[in-house]
Amino acid sequence: SKYNIVSEFFADTNSSFEHNKIINSGMGDTVIYHLFGNCKSSSNIKTVNFSFNENPVRNEINLFLDGTDCNATVASLGFGRNEKSICDNTIFISHQDESCKSRQIVKNALSDGAKAIFQGKIYVASKAQKTDGYQMSNGLILNDNCEFLVKPELEIYADDVVCSHGSISGTLNDDHLFYLQSRGIPLLEAQKKLIQAFFEEVIQELNDKEIINYIQNQISEILI
């Protein structure tokens with residue numbers, strides 16, 4: 001059956017909340033996951049999400065920064081491996097008060113007809129001066145028949161802010177492949193190393209060594 005999972009948290013003043021979610025290939029059907037969070041002053045929030053499922057996965061995150069000096073990070077890694085795979089990340093971060101920071105980092109590697117979707121929005125209320133909002137989505141296209149669909153948004157009603165968004169998609173870099181091969185690394189092994197390096201920015205957001213090792217092993221098994 002399909003999975004429809006909802007989680008909600010409230011981060012009080014000066015609190016920290018760290019959330020790691022892994023959807024592995026053992027999930028037999030579509031997964032729809034919703035995370036809602038309200039963050040008060042000086043709270044630190046991080047959610048890191050991993051999808052290795054061969055079926056569609058929708059990862060929807062809604063964060064409301066309701067106090068001053070909040071710090072929120074959303075990182076997501078998806079590996080689509082066939083035409084049934086859909087890595088969908090829909091992220092909404094609302095800055096409601098001043099001096100808050102938010103980061104969105106989304107990376108997807110796609111092969112054999114897989115699709116990735118990124119819809120990310122940073123909302124800045126008129127009261128939320130000195131907001132620092134960052135949003136970046138990257139797609140690594142390993143076959144010509146894959147799709148990477150991106151819709152980044154900024155909605156800003158304050159004038160003293162630093163907000164940016166960007167998106168990059170492409171194939172493995174030929175110069176990097178040539179460099180590794182010139183050092184005696186076979187082509188397939190060089191490709192694996194570049195894919196692992198592509199994901200490293202998201203993996204570095206983890207603080208638990210056991211989870212880091214598990215994720216790295218999952219990627220290695222997929223690349224065999």
# chains A, B, ... in the order shown; residues from 1 in each chain; ligands from 1

$ residues_around --residues "A:Thr73" --least-positions-apart "3" --cutoff "8 Å" --atoms "only C-alpha atoms" --output "list of chain:residue names"
A:Ile45, A:Lys46, A:Thr47, A:Ser102, A:Arg103, A:Gln104

$ residues_around --residues "A:Gly139" --least-positions-apart "5" --cutoff "8 Å" --atoms "only C-alpha atoms" --output "compact mmCIF listing (two decimals) with N, CA, C and O atoms, in the first residue's frame"
# COMPACT_ATOMS: atom_id res chain seq x y z
N LYS A 107 19.90 17.51 -3.58
CA LYS A 107 20.72 16.88 -4.63
C LYS A 107 20.05 15.57 -5.06
O LYS A 107 19.68 14.74 -4.22
N ASN A 108 19.93 15.40 -6.39
CA ASN A 108 19.34 14.18 -6.94
C ASN A 108 20.23 13.65 -8.06
O ASN A 108 20.69 14.42 -8.92
N ALA A 109 20.48 12.35 -8.05
CA ALA A 109 21.15 11.68 -9.16
C ALA A 109 20.13 10.77 -9.84
O ALA A 109 19.42 10.01 -9.17
N LEU A 110 20.05 10.87 -11.16
CA LEU A 110 18.98 10.19 -11.89
C LEU A 110 19.54 9.34 -13.01
O LEU A 110 20.43 9.76 -13.75
N ALA A 116 13.12 13.84 -11.10
CA ALA A 116 13.22 14.57 -9.84
C ALA A 116 12.48 15.89 -9.97
O ALA A 116 12.47 16.52 -11.04
N PHE A 148 14.64 16.55 -14.72
CA PHE A 148 14.85 17.30 -13.48
C PHE A 148 14.04 18.60 -13.58
O PHE A 148 14.40 19.50 -14.33
N ILE A 168 21.32 23.89 -10.62
CA ILE A 168 22.27 23.42 -11.62
C ILE A 168 21.98 21.97 -11.94
O ILE A 168 21.77 21.15 -11.04
N SER A 169 21.93 21.64 -13.21
CA SER A 169 21.77 20.25 -13.62
C SER A 169 22.74 19.96 -14.75
O SER A 169 23.10 20.84 -15.53
N GLY A 170 23.18 18.71 -14.82
CA GLY A 170 24.12 18.34 -15.87
C GLY A 170 24.61 16.92 -15.68
O GLY A 170 24.18 16.21 -14.76

$ select_by_dssp --residues "stretch 44-100 of chain A" --states "strand (DSSP E)" --output "PyMOL selection string"
chain A and resi 44-51+57-65+71-80+86-95

$ closest_residue --among "A:Ser99, A:Asn145, A:Glu189, A:Ile215" --to "A:Ala158" --atoms "only C-alpha atoms"
A:Ser99

$ atom_distance --atom1 "atom CA of A:Ile22" --atom2 "atom CA of A:His95"
27.0 Å

$ closest_residue --among "A:Ala128, A:Cys70, A:Val150, A:Ile86" --to "A:Val162" --atoms "only C-alpha atoms"
A:Ala128

$ closest_residue --among "A:Phe92, A:Tyr157, A:Tyr214, A:Phe52" --to "A:Gly26" --atoms "only C-alpha atoms"
A:Phe52

$ residues_around --residues "stretch 195-197 of chain A" --least-positions-apart "3" --cutoff "12 Å" --atoms "only C-alpha atoms" --output "JSON, numbers by chain"
{"A": [77, 78, 79, 107, 108, 109, 110, 111, 139, 140, 141, 142, 171, 172, 173, 176, 177, 188, 189, 190, 191, 192, 200, 201, 202, 203, 204, 215, 216, 217, 218, 219, 220, 221, 222, 223]}

$ write_last_selection --atoms "N, CA and C atoms" --output "mmCIF file, in the first residue's frame"
data_model
loop_
_atom_site.group_PDB
_atom_site.id
_atom_site.type_symbol
_atom_site.label_atom_id
_atom_site.label_comp_id
_atom_site.auth_asym_id
_atom_site.auth_seq_id
_atom_site.Cartn_x
_atom_site.Cartn_y
_atom_site.Cartn_z
ATOM 1 N N LEU A 77 18.725 14.209 -0.229
ATOM 2 C CA LEU A 77 19.461 13.435 -1.219
ATOM 3 C C LEU A 77 18.514 12.398 -1.821
ATOM 4 N N GLY A 78 18.457 12.348 -3.143
ATOM 5 C CA GLY A 78 17.621 11.363 -3.806
ATOM 6 C C GLY A 78 18.380 10.648 -4.903
ATOM 7 N N PHE A 79 18.126 9.338 -5.026
ATOM 8 C CA PHE A 79 18.783 8.533 -6.056
ATOM 9 C C PHE A 79 17.689 7.794 -6.830
ATOM 10 N N LYS A 107 19.900 17.513 -3.583
ATOM 11 C CA LYS A 107 20.717 16.876 -4.627
ATOM 12 C C LYS A 107 20.047 15.569 -5.058
ATOM 13 N N ASN A 108 19.932 15.399 -6.388
ATOM 14 C CA ASN A 108 19.345 14.185 -6.942
ATOM 15 C C ASN A 108 20.233 13.647 -8.060
ATOM 16 N N ALA A 109 20.475 12.351 -8.047
ATOM 17 C CA ALA A 109 21.149 11.678 -9.158
ATOM 18 C C ALA A 109 20.134 10.772 -9.839
ATOM 19 N N LEU A 110 20.052 10.866 -11.161
ATOM 20 C CA LEU A 110 18.978 10.195 -11.892
ATOM 21 C C LEU A 110 19.540 9.338 -13.012
ATOM 22 N N SER A 111 18.965 8.133 -13.157
ATOM 23 C CA SER A 111 19.366 7.243 -14.245
ATOM 24 C C SER A 111 18.165 6.452 -14.734
ATOM 25 N N GLY A 139 20.863 18.649 -9.939
ATOM 26 C CA GLY A 139 20.478 17.388 -10.542
ATOM 27 C C GLY A 139 21.629 16.811 -11.347
ATOM 28 N N LEU A 140 21.981 15.572 -11.065
ATOM 29 C CA LEU A 140 23.016 14.871 -11.811
ATOM 30 C C LEU A 140 22.323 13.899 -12.760
ATOM 31 N N ILE A 141 22.361 14.194 -14.046
ATOM 32 C CA ILE A 141 21.640 13.424 -15.056
ATOM 33 C C ILE A 141 22.595 12.389 -15.647
ATOM 34 N N LEU A 142 22.339 11.123 -15.353
ATOM 35 C CA LEU A 142 23.238 10.056 -15.765
ATOM 36 C C LEU A 142 22.825 9.403 -17.079
ATOM 37 N N THR A 171 25.512 16.510 -16.542
ATOM 38 C CA THR A 171 26.082 15.170 -16.488
ATOM 39 C C THR A 171 27.403 15.190 -15.718
ATOM 40 N N LEU A 172 28.024 14.037 -15.604
ATOM 41 C CA LEU A 172 29.349 13.965 -14.986
ATOM 42 C C LEU A 172 30.344 14.771 -15.815
ATOM 43 N N ASN A 173 31.222 15.466 -15.129
ATOM 44 C CA ASN A 173 32.183 16.342 -15.783
ATOM 45 C C ASN A 173 33.269 15.524 -16.502
ATOM 46 N N HIS A 176 36.809 15.984 -15.153
ATOM 47 C CA HIS A 176 37.047 15.255 -13.904
ATOM 48 C C HIS A 176 37.254 13.767 -14.180
ATOM 49 N N LEU A 177 36.442 13.219 -15.085
ATOM 50 C CA LEU A 177 36.608 11.812 -15.442
ATOM 51 C C LEU A 177 37.987 11.561 -16.059
ATOM 52 N N LEU A 188 34.498 3.178 -14.945
ATOM 53 C CA LEU A 188 33.345 2.919 -14.078
ATOM 54 C C LEU A 188 33.628 3.331 -12.631
ATOM 55 N N GLU A 189 34.829 3.048 -12.163
ATOM 56 C CA GLU A 189 35.197 3.434 -10.800
ATOM 57 C C GLU A 189 35.275 4.959 -10.678
ATOM 58 N N ALA A 190 35.758 5.633 -11.710
ATOM 59 C CA ALA A 190 35.805 7.097 -11.696
ATOM 60 C C ALA A 190 34.406 7.688 -11.643
ATOM 61 N N GLN A 191 33.477 7.101 -12.392
ATOM 62 C CA GLN A 191 32.099 7.578 -12.360
ATOM 63 C C GLN A 191 31.496 7.416 -10.969
ATOM 64 N N LYS A 192 31.746 6.278 -10.333
ATOM 65 C CA LYS A 192 31.236 6.049 -8.985
ATOM 66 C C LYS A 192 31.777 7.085 -8.003
ATOM 67 N N GLU A 200 28.187 14.340 -1.330
ATOM 68 C CA GLU A 200 28.900 14.547 -0.075
ATOM 69 C C GLU A 200 28.397 15.765 0.697
ATOM 70 N N GLU A 201 27.977 16.816 0.006
ATOM 71 C CA GLU A 201 27.516 18.027 0.698
ATOM 72 C C GLU A 201 26.327 17.737 1.602
ATOM 73 N N VAL A 202 25.419 16.870 1.158
ATOM 74 C CA VAL A 202 24.271 16.506 1.991
ATOM 75 C C VAL A 202 24.708 15.593 3.133
ATOM 76 N N ILE A 203 25.539 14.624 2.841
ATOM 77 C CA ILE A 203 25.992 13.683 3.877
ATOM 78 C C ILE A 203 26.722 14.412 5.006
ATOM 79 N N GLN A 204 27.451 15.474 4.667
ATOM 80 C CA GLN A 204 28.183 16.232 5.681
ATOM 81 C C GLN A 204 27.264 16.939 6.678
ATOM 82 N N ILE A 215 24.549 5.438 5.120
ATOM 83 C CA ILE A 215 24.205 6.120 3.870
ATOM 84 C C ILE A 215 25.276 5.859 2.806
ATOM 85 N N GLN A 216 26.525 5.965 3.195
ATOM 86 C CA GLN A 216 27.613 5.720 2.239
ATOM 87 C C GLN A 216 27.571 4.289 1.711
ATOM 88 N N ASN A 217 27.224 3.342 2.576
ATOM 89 C CA ASN A 217 27.108 1.936 2.140
ATOM 90 C C ASN A 217 25.931 1.755 1.194
ATOM 91 N N GLN A 218 24.810 2.441 1.479
ATOM 92 C CA GLN A 218 23.660 2.366 0.592
ATOM 93 C C GLN A 218 24.008 2.863 -0.817
ATOM 94 N N ILE A 219 24.711 3.981 -0.881
ATOM 95 C CA ILE A 219 25.108 4.537 -2.186
ATOM 96 C C ILE A 219 26.067 3.576 -2.888
ATOM 97 N N SER A 220 26.998 3.025 -2.153
ATOM 98 C CA SER A 220 27.967 2.095 -2.744
ATOM 99 C C SER A 220 27.268 0.864 -3.305
ATOM 100 N N GLU A 221 26.257 0.353 -2.593
ATOM 101 C CA GLU A 221 25.531 -0.831 -3.069
ATOM 102 C C GLU A 221 24.763 -0.525 -4.350
ATOM 103 N N ILE A 222 24.191 0.665 -4.445
ATOM 104 C CA ILE A 222 23.459 1.046 -5.654
ATOM 105 C C ILE A 222 24.414 1.147 -6.849
ATOM 106 N N LEU A 223 25.628 1.599 -6.592
ATOM 107 C CA LEU A 223 26.590 1.837 -7.668
ATOM 108 C C LEU A 223 27.342 0.590 -8.096
#

$ residues_around --residues "A:Ile5" --least-positions-apart "4" --cutoff "7 Å" --atoms "only C-alpha atoms" --output "PyMOL selection string"
chain A and resi 32-34

$ residues_around --residues "A:Phe36" --least-positions-apart "6" --cutoff "6 Å" --atoms "only C-alpha atoms" --output "number ranges by chain"
A: 8, 62-63

$ write_last_selection --atoms "all heavy atoms" --output "compact mmCIF listing (two decimals), in the first residue's frame"
# COMPACT_ATOMS: atom_id res chain seq x y z
N GLU A 8 5.02 16.30 13.11
CA GLU A 8 4.92 17.72 13.49
C GLU A 8 5.77 17.95 14.74
O GLU A 8 5.80 17.11 15.64
CB GLU A 8 3.47 18.10 13.76
CG GLU A 8 3.25 19.58 14.02
CD GLU A 8 1.78 19.94 14.14
OE1 GLU A 8 0.95 19.01 14.23
OE2 GLU A 8 1.47 21.15 14.14
N ASN A 62 7.36 21.94 5.74
CA ASN A 62 6.86 23.28 6.00
C ASN A 62 7.42 23.75 7.34
O ASN A 62 7.07 23.18 8.39
CB ASN A 62 5.33 23.30 6.05
CG ASN A 62 4.70 23.01 4.71
OD1 ASN A 62 4.40 23.92 3.94
ND2 ASN A 62 4.50 21.73 4.42
N LEU A 63 8.27 24.77 7.32
CA LEU A 63 8.87 25.30 8.54
C LEU A 63 8.46 26.76 8.72
O LEU A 63 8.54 27.55 7.77
CB LEU A 63 10.39 25.20 8.50
CG LEU A 63 11.00 23.79 8.36
CD1 LEU A 63 12.51 23.87 8.35
CD2 LEU A 63 10.50 22.87 9.46

$ closest_residue --among "A:Val6, A:Ala125, A:Ile117, A:Ile156" --to "A:Leu65" --atoms "only C-alpha atoms"
A:Ala125

$ closest_residue --among "A:Glu54, A:Asp97, A:Asp88, A:Glu18" --to "A:Asp66" --atoms "only C-alpha atoms"
A:Asp97

$ closest_residue --among "A:Pro56, A:Gly80, A:Pro186, A:Gly67" --to "A:Asn143" --atoms "only C-alpha atoms"
A:Gly80

$ residues_around --residues "A:Ser15" --least-positions-apart "5" --cutoff "12 Å" --atoms "only C-alpha atoms" --output "CSV table (one decimal) with C-alpha atoms, in the first residue's frame"
chain,number,residue,atom,x,y,z
A,9,PHE,CA,7.3,19.4,16.0
A,10,PHE,CA,7.4,22.6,18.1
A,38,ASN,CA,7.2,25.8,14.3
A,39,CYS,CA,10.4,27.4,15.6
A,40,LYS,CA,10.7,30.0,18.4
A,41,SER,CA,13.6,32.4,19.1
A,42,SER,CA,17.2,31.1,18.9
A,43,SER,CA,16.2,27.6,18.0
A,44,ASN,CA,18.3,25.5,15.7
A,45,ILE,CA,16.5,23.1,13.4
A,46,LYS,CA,17.9,20.6,10.9
A,67,GLY,CA,11.0,33.9,16.6
A,69,ASP,CA,17.6,34.3,15.5
A,70,CYS,CA,16.3,31.0,14.3
A,71,ASN,CA,18.5,28.8,12.2
A,72,ALA,CA,16.9,26.1,9.9

$ select_by_dssp --residues "stretch 4-202 of chain A" --states "helix (DSSP H, G or I)" --output "PyMOL selection string"
chain A and resi 174-182+187-202

$ write_last_selection --atoms "N, CA, C and O atoms" --output "compact mmCIF listing (two decimals), in the first residue's frame"
# COMPACT_ATOMS: atom_id res chain seq x y z
N ASP A 174 33.38 15.73 -17.82
CA ASP A 174 34.36 14.97 -18.61
C ASP A 174 35.79 15.23 -18.18
O ASP A 174 36.64 14.33 -18.19
N ASP A 175 36.08 16.50 -17.79
CA ASP A 175 37.44 16.82 -17.34
C ASP A 175 37.79 16.08 -16.05
O ASP A 175 38.92 15.60 -15.87
N HIS A 176 36.81 15.98 -15.15
CA HIS A 176 37.05 15.25 -13.90
C HIS A 176 37.25 13.77 -14.18
O HIS A 176 38.12 13.13 -13.57
N LEU A 177 36.44 13.22 -15.08
CA LEU A 177 36.61 11.81 -15.44
C LEU A 177 37.99 11.56 -16.06
O LEU A 177 38.66 10.58 -15.74
N PHE A 178 38.40 12.47 -16.94
CA PHE A 178 39.71 12.32 -17.58
C PHE A 178 40.83 12.38 -16.54
O PHE A 178 41.79 11.60 -16.60
N TYR A 179 40.70 13.30 -15.58
CA TYR A 179 41.73 13.44 -14.54
C TYR A 179 41.86 12.14 -13.75
O TYR A 179 42.97 11.65 -13.51
N LEU A 180 40.72 11.56 -13.33
CA LEU A 180 40.77 10.33 -12.54
C LEU A 180 41.33 9.17 -13.37
O LEU A 180 42.12 8.36 -12.87
N GLN A 181 40.91 9.09 -14.63
CA GLN A 181 41.42 8.02 -15.49
C GLN A 181 42.93 8.16 -15.75
O GLN A 181 43.65 7.17 -15.85
N SER A 182 43.39 9.43 -15.83
CA SER A 182 44.83 9.64 -16.04
C SER A 182 45.65 9.22 -14.83
O SER A 182 46.87 9.06 -14.93
N LEU A 187 37.23 3.73 -15.82
CA LEU A 187 36.11 4.64 -16.08
C LEU A 187 34.95 4.42 -15.12
O LEU A 187 34.44 5.37 -14.52
N LEU A 188 34.50 3.18 -14.94
CA LEU A 188 33.34 2.92 -14.08
C LEU A 188 33.63 3.33 -12.63
O LEU A 188 32.76 3.90 -11.95
N GLU A 189 34.83 3.05 -12.16
CA GLU A 189 35.20 3.43 -10.80
C GLU A 189 35.27 4.96 -10.68
O GLU A 189 34.87 5.53 -9.66
N ALA A 190 35.76 5.63 -11.71
CA ALA A 190 35.81 7.10 -11.70
C ALA A 190 34.41 7.69 -11.64
O ALA A 190 34.15 8.66 -10.92
N GLN A 191 33.48 7.10 -12.39
CA GLN A 191 32.10 7.58 -12.36
C GLN A 191 31.50 7.42 -10.97
O GLN A 191 30.81 8.32 -10.47
N LYS A 192 31.75 6.28 -10.33
CA LYS A 192 31.24 6.05 -8.98
C LYS A 192 31.78 7.09 -8.00
O LYS A 192 31.04 7.62 -7.16
N LYS A 193 33.06 7.38 -8.10
CA LYS A 193 33.67 8.34 -7.18
C LYS A 193 33.06 9.73 -7.35
O LYS A 193 32.83 10.46 -6.37
N LEU A 194 32.78 10.12 -8.59
CA LEU A 194 32.19 11.45 -8.83
C LEU A 194 30.75 11.51 -8.33
O LEU A 194 30.31 12.55 -7.82
N ILE A 195 30.01 10.42 -8.46
CA ILE A 195 28.64 10.40 -7.94
C ILE A 195 28.67 10.49 -6.41
O ILE A 195 27.88 11.24 -5.81
N GLN A 196 29.56 9.76 -5.78
CA GLN A 196 29.69 9.84 -4.32
C GLN A 196 30.08 11.24 -3.87
O GLN A 196 29.56 11.77 -2.88
N ALA A 197 30.99 11.88 -4.61
CA ALA A 197 31.40 13.25 -4.27
C ALA A 197 30.25 14.24 -4.45
O ALA A 197 30.12 15.20 -3.68
N PHE A 198 29.41 14.00 -5.45
CA PHE A 198 28.24 14.86 -5.68
C PHE A 198 27.32 14.89 -4.47
O PHE A 198 26.78 15.93 -4.10
N PHE A 199 27.16 13.74 -3.81
CA PHE A 199 26.25 13.65 -2.66
C PHE A 199 26.88 14.12 -1.36
O PHE A 199 26.19 14.28 -0.34
N GLU A 200 28.19 14.34 -1.33
CA GLU A 200 28.90 14.55 -0.08
C GLU A 200 28.40 15.76 0.70
O GLU A 200 28.37 15.76 1.94
N GLU A 201 27.98 16.82 0.01
CA GLU A 201 27.52 18.03 0.70
C GLU A 201 26.33 17.74 1.60
O GLU A 201 26.22 18.30 2.70
N VAL A 202 25.42 16.87 1.16
CA VAL A 202 24.27 16.51 1.99
C VAL A 202 24.71 15.59 3.13
O VAL A 202 24.30 15.78 4.29

$ residues_around --residues "A:Asn59" --least-positions-apart "5" --cutoff "10 Å" --atoms "only C-alpha atoms" --output "NGL selection string"
:A and (5 or 21 or 31-35 or 49-51 or 76 or 87-91 or 118)

$ write_last_selection --atoms "N, CA and C atoms" --output "PDB file, in the first residue's frame"
ATOM      1  N   ILE A   5       2.670   9.638   5.605  1.00  0.00           N
ATOM      2  CA  ILE A   5       3.190   9.835   6.960  1.00  0.00           C
ATOM      3  C   ILE A   5       3.254  11.333   7.266  1.00  0.00           C
ATOM      4  N   LYS A  21      15.774  11.307   8.118  1.00  0.00           N
ATOM      5  CA  LYS A  21      14.779  10.385   7.557  1.00  0.00           C
ATOM      6  C   LYS A  21      15.394   9.643   6.383  1.00  0.00           C
ATOM      7  N   VAL A  31       5.737   6.666  -1.315  1.00  0.00           N
ATOM      8  CA  VAL A  31       5.850   7.236   0.032  1.00  0.00           C
ATOM      9  C   VAL A  31       5.587   8.738  -0.055  1.00  0.00           C
ATOM     10  N   ILE A  32       4.631   9.203   0.732  1.00  0.00           N
ATOM     11  CA  ILE A  32       4.346  10.637   0.850  1.00  0.00           C
ATOM     12  C   ILE A  32       4.609  11.021   2.299  1.00  0.00           C
ATOM     13  N   TYR A  33       5.547  11.950   2.498  1.00  0.00           N
ATOM     14  CA  TYR A  33       5.942  12.313   3.858  1.00  0.00           C
ATOM     15  C   TYR A  33       5.790  13.820   4.043  1.00  0.00           C
ATOM     16  N   HIS A  34       5.135  14.221   5.146  1.00  0.00           N
ATOM     17  CA  HIS A  34       4.940  15.631   5.477  1.00  0.00           C
ATOM     18  C   HIS A  34       5.604  15.921   6.826  1.00  0.00           C
ATOM     19  N   LEU A  35       6.368  16.996   6.881  1.00  0.00           N
ATOM     20  CA  LEU A  35       6.963  17.453   8.139  1.00  0.00           C
ATOM     21  C   LEU A  35       6.581  18.909   8.351  1.00  0.00           C
ATOM     22  N   ASN A  49      17.222  14.375   4.704  1.00  0.00           N
ATOM     23  CA  ASN A  49      16.349  13.355   4.146  1.00  0.00           C
ATOM     24  C   ASN A  49      17.053  12.591   3.027  1.00  0.00           C
ATOM     25  N   PHE A  50      16.842  11.266   3.010  1.00  0.00           N
ATOM     26  CA  PHE A  50      17.472  10.413   2.019  1.00  0.00           C
ATOM     27  C   PHE A  50      16.419   9.517   1.385  1.00  0.00           C
ATOM     28  N   SER A  51      16.445   9.415   0.065  1.00  0.00           N
ATOM     29  CA  SER A  51      15.499   8.561  -0.652  1.00  0.00           C
ATOM     30  C   SER A  51      16.253   7.652  -1.620  1.00  0.00           C
ATOM     31  N   SER A  76      18.480  17.359   1.397  1.00  0.00           N
ATOM     32  CA  SER A  76      17.816  16.178   0.841  1.00  0.00           C
ATOM     33  C   SER A  76      18.668  15.546  -0.247  1.00  0.00           C
ATOM     34  N   CYS A  87      11.711  11.531  -7.380  1.00  0.00           N
ATOM     35  CA  CYS A  87      12.218  12.164  -6.159  1.00  0.00           C
ATOM     36  C   CYS A  87      11.634  13.576  -6.097  1.00  0.00           C
ATOM     37  N   ASP A  88      10.609  13.759  -5.296  1.00  0.00           N
ATOM     38  CA  ASP A  88       9.870  15.027  -5.235  1.00  0.00           C
ATOM     39  C   ASP A  88      10.155  15.699  -3.894  1.00  0.00           C
ATOM     40  N   ASN A  89      10.776  16.874  -3.937  1.00  0.00           N
ATOM     41  CA  ASN A  89      11.016  17.672  -2.729  1.00  0.00           C
ATOM     42  C   ASN A  89      10.267  18.985  -2.842  1.00  0.00           C
ATOM     43  N   THR A  90       9.308  19.178  -1.933  1.00  0.00           N
ATOM     44  CA  THR A  90       8.524  20.414  -1.876  1.00  0.00           C
ATOM     45  C   THR A  90       8.774  21.041  -0.513  1.00  0.00           C
ATOM     46  N   ILE A  91       9.408  22.213  -0.510  1.00  0.00           N
ATOM     47  CA  ILE A  91       9.879  22.826   0.738  1.00  0.00           C
ATOM     48  C   ILE A  91       9.367  24.254   0.836  1.00  0.00           C
ATOM     49  N   PHE A 118      11.771  19.591  -7.794  1.00  0.00           N
ATOM     50  CA  PHE A 118      12.064  20.460  -6.652  1.00  0.00           C
ATOM     51  C   PHE A 118      11.184  21.701  -6.720  1.00  0.00           C
TER      52      PHE A 118
END

$ atom_distance --atom1 "atom CA of A:Ala114" --atom2 "atom CA of A:Leu154"
27.3 Å
